[in-house]
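> Hey, dropping model29.cif in here, mmCIF, C-alpha atoms:
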```cif
data_data
loop_
_atom_site.group_PDB
_atom_site.id
_atom_site.type_symbol
_atom_site.label_atom_id
_atom_site.label_comp_id
_atom_site.auth_asym_id
_atom_site.auth_seq_id
_atom_site.Cartn_x
_atom_site.Cartn_y
_atom_site.Cartn_z
ATOM 1 C CA MET A 98 -14.538 -6.802 -9.764
ATOM 2 C CA PRO A 99 -12.537 -6.208 -6.549
ATOM 3 C CA LEU A 100 -9.354 -4.188 -6.677
ATOM 4 C CA SER A 101 -6.132 -6.118 -6.550
ATOM 5 C CA PRO A 102 -2.833 -4.603 -5.418
ATOM 6 C CA CYS A 103 -0.935 -7.389 -7.184
ATOM 7 C CA ARG A 104 0.940 -6.348 -10.263
ATOM 8 C CA ASP A 105 0.301 -9.757 -11.818
ATOM 9 C CA ASN A 106 -3.438 -9.133 -11.823
ATOM 10 C CA GLY A 107 -3.162 -5.563 -13.136
ATOM 11 C CA LYS A 108 -3.735 -6.574 -16.748
ATOM 12 C CA LYS A 109 -6.652 -8.825 -15.778
ATOM 13 C CA VAL A 110 -8.288 -6.000 -13.789
ATOM 14 C CA ILE A 111 -7.957 -3.563 -16.691
ATOM 15 C CA GLU A 112 -9.349 -6.134 -19.125
ATOM 16 C CA ALA A 113 -12.278 -6.897 -16.802
ATOM 17 C CA GLU A 114 -13.055 -3.184 -16.371
ATOM 18 C CA ALA A 115 -12.933 -2.651 -20.139
ATOM 19 C CA GLU A 116 -15.218 -5.645 -20.655
ATOM 20 C CA ALA A 117 -17.660 -4.331 -18.042
ATOM 21 C CA GLU A 118 -17.770 -0.942 -19.793
ATOM 22 C CA ALA A 119 -18.293 -2.592 -23.175
ATOM 23 C CA THR A 120 -21.127 -4.802 -21.951
ATOM 24 C CA ILE A 121 -24.169 -2.598 -21.425
ATOM 25 C CA PRO A 122 -27.426 -4.433 -20.759
ATOM 26 C CA ALA A 123 -30.246 -3.916 -23.220
ATOM 27 C CA GLN A 124 -32.412 -0.938 -22.367
ATOM 28 C CA LEU A 125 -36.094 -1.625 -21.768
ATOM 29 C CA GLY A 126 -37.110 1.937 -22.507
ATOM 30 C CA ALA A 127 -35.887 5.474 -22.658
ATOM 31 C CA LEU A 128 -33.697 6.560 -19.760
ATOM 32 C CA PRO A 129 -34.924 9.300 -17.451
ATOM 33 C CA SER A 130 -33.331 12.704 -18.008
ATOM 34 C CA TRP A 131 -31.549 12.534 -14.635
ATOM 35 C CA TYR A 132 -29.862 9.180 -15.337
ATOM 36 C CA GLY A 133 -26.676 10.756 -16.704
ATOM 37 C CA ASP A 134 -26.309 12.814 -13.525
ATOM 38 C CA LEU A 135 -26.820 9.714 -11.360
ATOM 39 C CA LEU A 136 -24.243 7.745 -13.339
ATOM 40 C CA GLY A 137 -21.751 10.609 -13.052
ATOM 41 C CA GLU A 138 -22.262 10.898 -9.281
ATOM 42 C CA VAL A 139 -21.872 7.144 -8.749
ATOM 43 C CA LYS A 140 -18.701 7.043 -10.879
ATOM 44 C CA GLU A 141 -17.320 9.985 -8.896
ATOM 45 C CA ALA A 142 -18.110 8.206 -5.600
ATOM 46 C CA VAL A 143 -16.349 5.041 -6.781
ATOM 47 C CA ALA A 144 -13.290 6.947 -8.026
ATOM 48 C CA GLY A 145 -13.082 8.911 -4.755
ATOM 49 C CA ALA A 146 -13.350 5.768 -2.633
ATOM 50 C CA ARG A 147 -10.643 4.049 -4.677
ATOM 51 C CA LEU A 148 -8.312 7.032 -4.269
ATOM 52 C CA ARG A 149 -8.908 7.204 -0.501
ATOM 53 C CA ALA A 150 -8.262 3.456 -0.208
ATOM 54 C CA GLN A 151 -4.982 3.770 -2.124
ATOM 55 C CA ARG A 152 -3.873 6.635 0.101
ATOM 56 C CA ALA A 153 -4.729 4.669 3.243
ATOM 57 C CA VAL A 154 -2.763 1.667 2.000
ATOM 58 C CA ASN A 155 0.242 3.843 1.121
ATOM 59 C CA THR A 156 0.135 5.477 4.570
ATOM 60 C CA GLU A 157 0.008 2.119 6.344
ATOM 61 C CA LEU A 158 2.844 0.731 4.233
ATOM 62 C CA ALA A 159 5.078 3.731 4.951
ATOM 63 C CA GLN A 160 4.375 3.395 8.681
ATOM 64 C CA MET A 161 5.001 -0.360 8.582
ATOM 65 C CA TYR A 162 8.302 0.125 6.731
ATOM 66 C CA TRP A 163 9.397 2.726 9.299
ATOM 67 C CA ARG A 164 8.430 0.454 12.231
ATOM 68 C CA ILE A 165 10.296 -2.527 10.744
ATOM 69 C CA GLY A 166 13.334 -0.353 10.107
ATOM 70 C CA LYS A 167 13.167 1.020 13.641
ATOM 71 C CA LEU A 168 12.990 -2.508 15.096
ATOM 72 C CA ILE A 169 15.985 -3.656 13.063
ATOM 73 C CA LEU A 170 17.973 -0.524 13.876
ATOM 74 C CA ALA A 171 17.231 -0.701 17.609
ATOM 75 C CA ARG A 172 18.110 -4.395 17.868
ATOM 76 C CA GLN A 173 21.251 -3.953 15.793
ATOM 77 C CA GLU A 174 22.432 -1.092 18.017
ATOM 78 C CA GLN A 175 21.525 -3.056 21.149
ATOM 79 C CA GLU A 176 23.092 -6.379 20.127
ATOM 80 C CA GLY A 177 25.860 -5.130 17.842
ATOM 81 C CA TRP A 178 25.279 -7.591 15.006
ATOM 82 C CA GLY A 179 25.915 -7.059 11.302
ATOM 83 C CA THR A 180 23.900 -7.333 8.127
ATOM 84 C CA LYS A 181 23.884 -11.156 7.944
ATOM 85 C CA VAL A 182 21.019 -11.164 10.420
ATOM 86 C CA VAL A 183 19.065 -8.944 8.028
ATOM 87 C CA GLY A 184 19.519 -11.526 5.274
ATOM 88 C CA ARG A 185 18.209 -14.291 7.548
ATOM 89 C CA LEU A 186 15.331 -12.053 8.639
ATOM 90 C CA ALA A 187 14.456 -11.449 4.969
ATOM 91 C CA ALA A 188 14.379 -15.200 4.259
ATOM 92 C CA ASP A 189 12.238 -15.911 7.333
ATOM 93 C CA LEU A 190 9.786 -13.110 6.497
ATOM 94 C CA LYS A 191 9.447 -14.385 2.926
ATOM 95 C CA ALA A 192 8.695 -17.849 4.336
ATOM 96 C CA SER A 193 6.174 -16.437 6.838
ATOM 97 C CA PHE A 194 4.423 -14.237 4.245
ATOM 98 C CA PRO A 195 4.894 -16.047 0.914
ATOM 99 C CA ASN A 196 2.273 -14.006 -0.944
ATOM 100 C CA GLN A 197 3.613 -10.638 0.158
ATOM 101 C CA ARG A 198 6.424 -8.840 -1.604
ATOM 102 C CA GLY A 199 8.883 -6.309 -0.239
ATOM 103 C CA PHE A 200 10.818 -8.231 2.407
ATOM 104 C CA SER A 201 14.081 -8.722 0.530
ATOM 105 C CA ARG A 202 17.389 -8.067 2.278
ATOM 106 C CA ARG A 203 17.792 -4.907 0.233
ATOM 107 C CA ASN A 204 14.338 -3.622 1.178
ATOM 108 C CA LEU A 205 14.923 -4.358 4.860
ATOM 109 C CA LEU A 206 18.168 -2.387 4.699
ATOM 110 C CA CYS A 207 16.228 0.476 3.047
ATOM 111 C CA MET A 208 13.687 0.314 5.883
ATOM 112 C CA GLN A 209 16.537 0.509 8.366
ATOM 113 C CA LYS A 210 17.950 3.521 6.506
ATOM 114 C CA MET A 211 14.513 5.147 6.547
ATOM 115 C CA ALA A 212 14.305 4.734 10.327
ATOM 116 C CA ARG A 213 17.810 6.127 10.736
ATOM 117 C CA THR A 214 16.988 9.126 8.516
ATOM 118 C CA TRP A 215 13.683 9.874 10.306
ATOM 119 C CA PRO A 216 14.247 8.867 13.941
ATOM 120 C CA GLU A 217 10.822 10.153 15.026
ATOM 121 C CA PRO A 218 7.603 8.405 13.957
ATOM 122 C CA ILE A 219 6.072 9.580 10.707
ATOM 123 C CA VAL A 220 2.867 11.459 11.471
ATOM 124 C CA GLN A 221 0.425 13.742 9.741
ATOM 125 C CA GLN A 222 1.455 17.288 8.985
ATOM 126 C CA PRO A 223 1.013 19.442 12.119
ATOM 127 C CA VAL A 224 -1.931 21.324 10.638
ATOM 128 C CA ALA A 225 -3.778 18.015 10.061
ATOM 129 C CA GLN A 226 -3.363 17.137 13.751
ATOM 130 C CA LEU A 227 -5.272 20.205 14.961
ATOM 131 C CA PRO A 228 -8.697 19.457 16.445
#
```
Now that the file is in, can you turn its structure into structure tokens?


Amino acid sequence: MPLSPCRDNGKKVIEAEAEAEATIPAQLGALPSWYGDLLGEVKEAVAGARLRAQRAVNTELAQMYWRIGKLILARQEQEGWGTKVVGRLAADLKASFPNQRGFSRRNLLCMQKMARTWPEPIVQQPVAQLP
């Protein structure tokens, strides 16, 4: 079953995973002695891939939030408008991306605060940037 970032599907995903673990096909014969090692390695590969995918998503979201905040902050400083524009922007973003959460007025103001707090782009730690 594919992973779903939606909180609504969280219970369904857990139930499906539990059902998959509980349903083991009938064995035709004795398993080879190395089967347990193979199963362990495959489970480790799946768990590692899931963790790397979650980290990549979190990194992209943090960068997106910073970029949105930077755009709002720059335009607000340039044009001199107040927070009512942020409320309208939140409504328009919700209409443009109806299945995506996180574009409330409050969240957009938090993104703006994030960009104000960290004026430089968020990058890897310096040691990770070394060749």

> Show me, as a Markdown table, the residues of segment 175-214 of chain A having an atom within 12 Å of segment 157-160 of chain A, each with the closest atom pair and its distance in Å, using all atoms listed in the file.


```
| residue | atom | partner | partner_atom | distance |
| --- | --- | --- | --- | --- |
| A:Arg198 | CA | A:Leu158 | CA | 11.8 |
| A:Gly199 | CA | A:Leu158 | CA | 10.3 |
| A:Cys207 | CA | A:Ala159 | CA | 11.8 |
| A:Met208 | CA | A:Ala159 | CA | 9.3 |
| A:Met211 | CA | A:Ala159 | CA | 9.7 |
| A:Ala212 | CA | A:Gln160 | CA | 10.2 |
```

> Identify, on the basis of all atoms listed in the file, every residue whose closest approach to Trp215 of chain A does not exceed 12 Å; exclude the query and any residue fewer than 5 positions from it along the same chain; express the result as a VMD selection string.

chain A and resid 159 to 160 162 to 164 166 to 167 170 208 to 210 220

> Output C-alpha atoms for every residue in that selection, as a PDB file, keeping the file's coordinate frame.


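As written to disk, result.pdb reads:
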```pdb
ATOM      1  CA  ALA A 159       5.078   3.731   4.951  1.00  0.00           C
ATOM      2  CA  GLN A 160       4.375   3.395   8.681  1.00  0.00           C
ATOM      3  CA  TYR A 162       8.302   0.125   6.731  1.00  0.00           C
ATOM      4  CA  TRP A 163       9.397   2.726   9.299  1.00  0.00           C
ATOM      5  CA  ARG A 164       8.430   0.454  12.231  1.00  0.00           C
ATOM      6  CA  GLY A 166      13.334  -0.353  10.107  1.00  0.00           C
ATOM      7  CA  LYS A 167      13.167   1.020  13.641  1.00  0.00           C
ATOM      8  CA  LEU A 170      17.973  -0.524  13.876  1.00  0.00           C
ATOM      9  CA  MET A 208      13.687   0.314   5.883  1.00  0.00           C
ATOM     10  CA  GLN A 209      16.537   0.509   8.366  1.00  0.00           C
ATOM     11  CA  LYS A 210      17.950   3.521   6.506  1.00  0.00           C
ATOM     12  CA  VAL A 220       2.867  11.459  11.471  1.00  0.00           C
TER      13      VAL A 220
END
```

> Figure out the distance between atom CA of Arg149 of chain A and atom CA of Asp134 of chain A, please, to one decimal in Å.

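Atom-to-atom, atom CA of Asp134 of chain A and atom CA of Arg149 of chain A are spaced 22.4 Å apart.
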
> Mind pulling up the distance from atom CA of Ala187 of chain A to atom CA of Ser201 of chain A?

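Atom CA of Ser201 of chain A sits 5.2 Å away from atom CA of Ala187 of chain A.
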
> Counting all atoms listed in the file, what is within 12 Å of Asp189 of chain A, bar same-chain residues fewer than 5 positions away, as a list in words?

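Skipping anything fewer than 5 positions along the chain leaves Val182, Val183, Gly184, Phe194, Pro195, Phe200, Ser201 and Arg202 of chain A.
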
> Could you please determine the separation between atom CA of Ala188 of chain A and atom CA of Thr156 of chain A in Å, to one decimal place?

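Between these atoms lies a distance of 25.1 Å.
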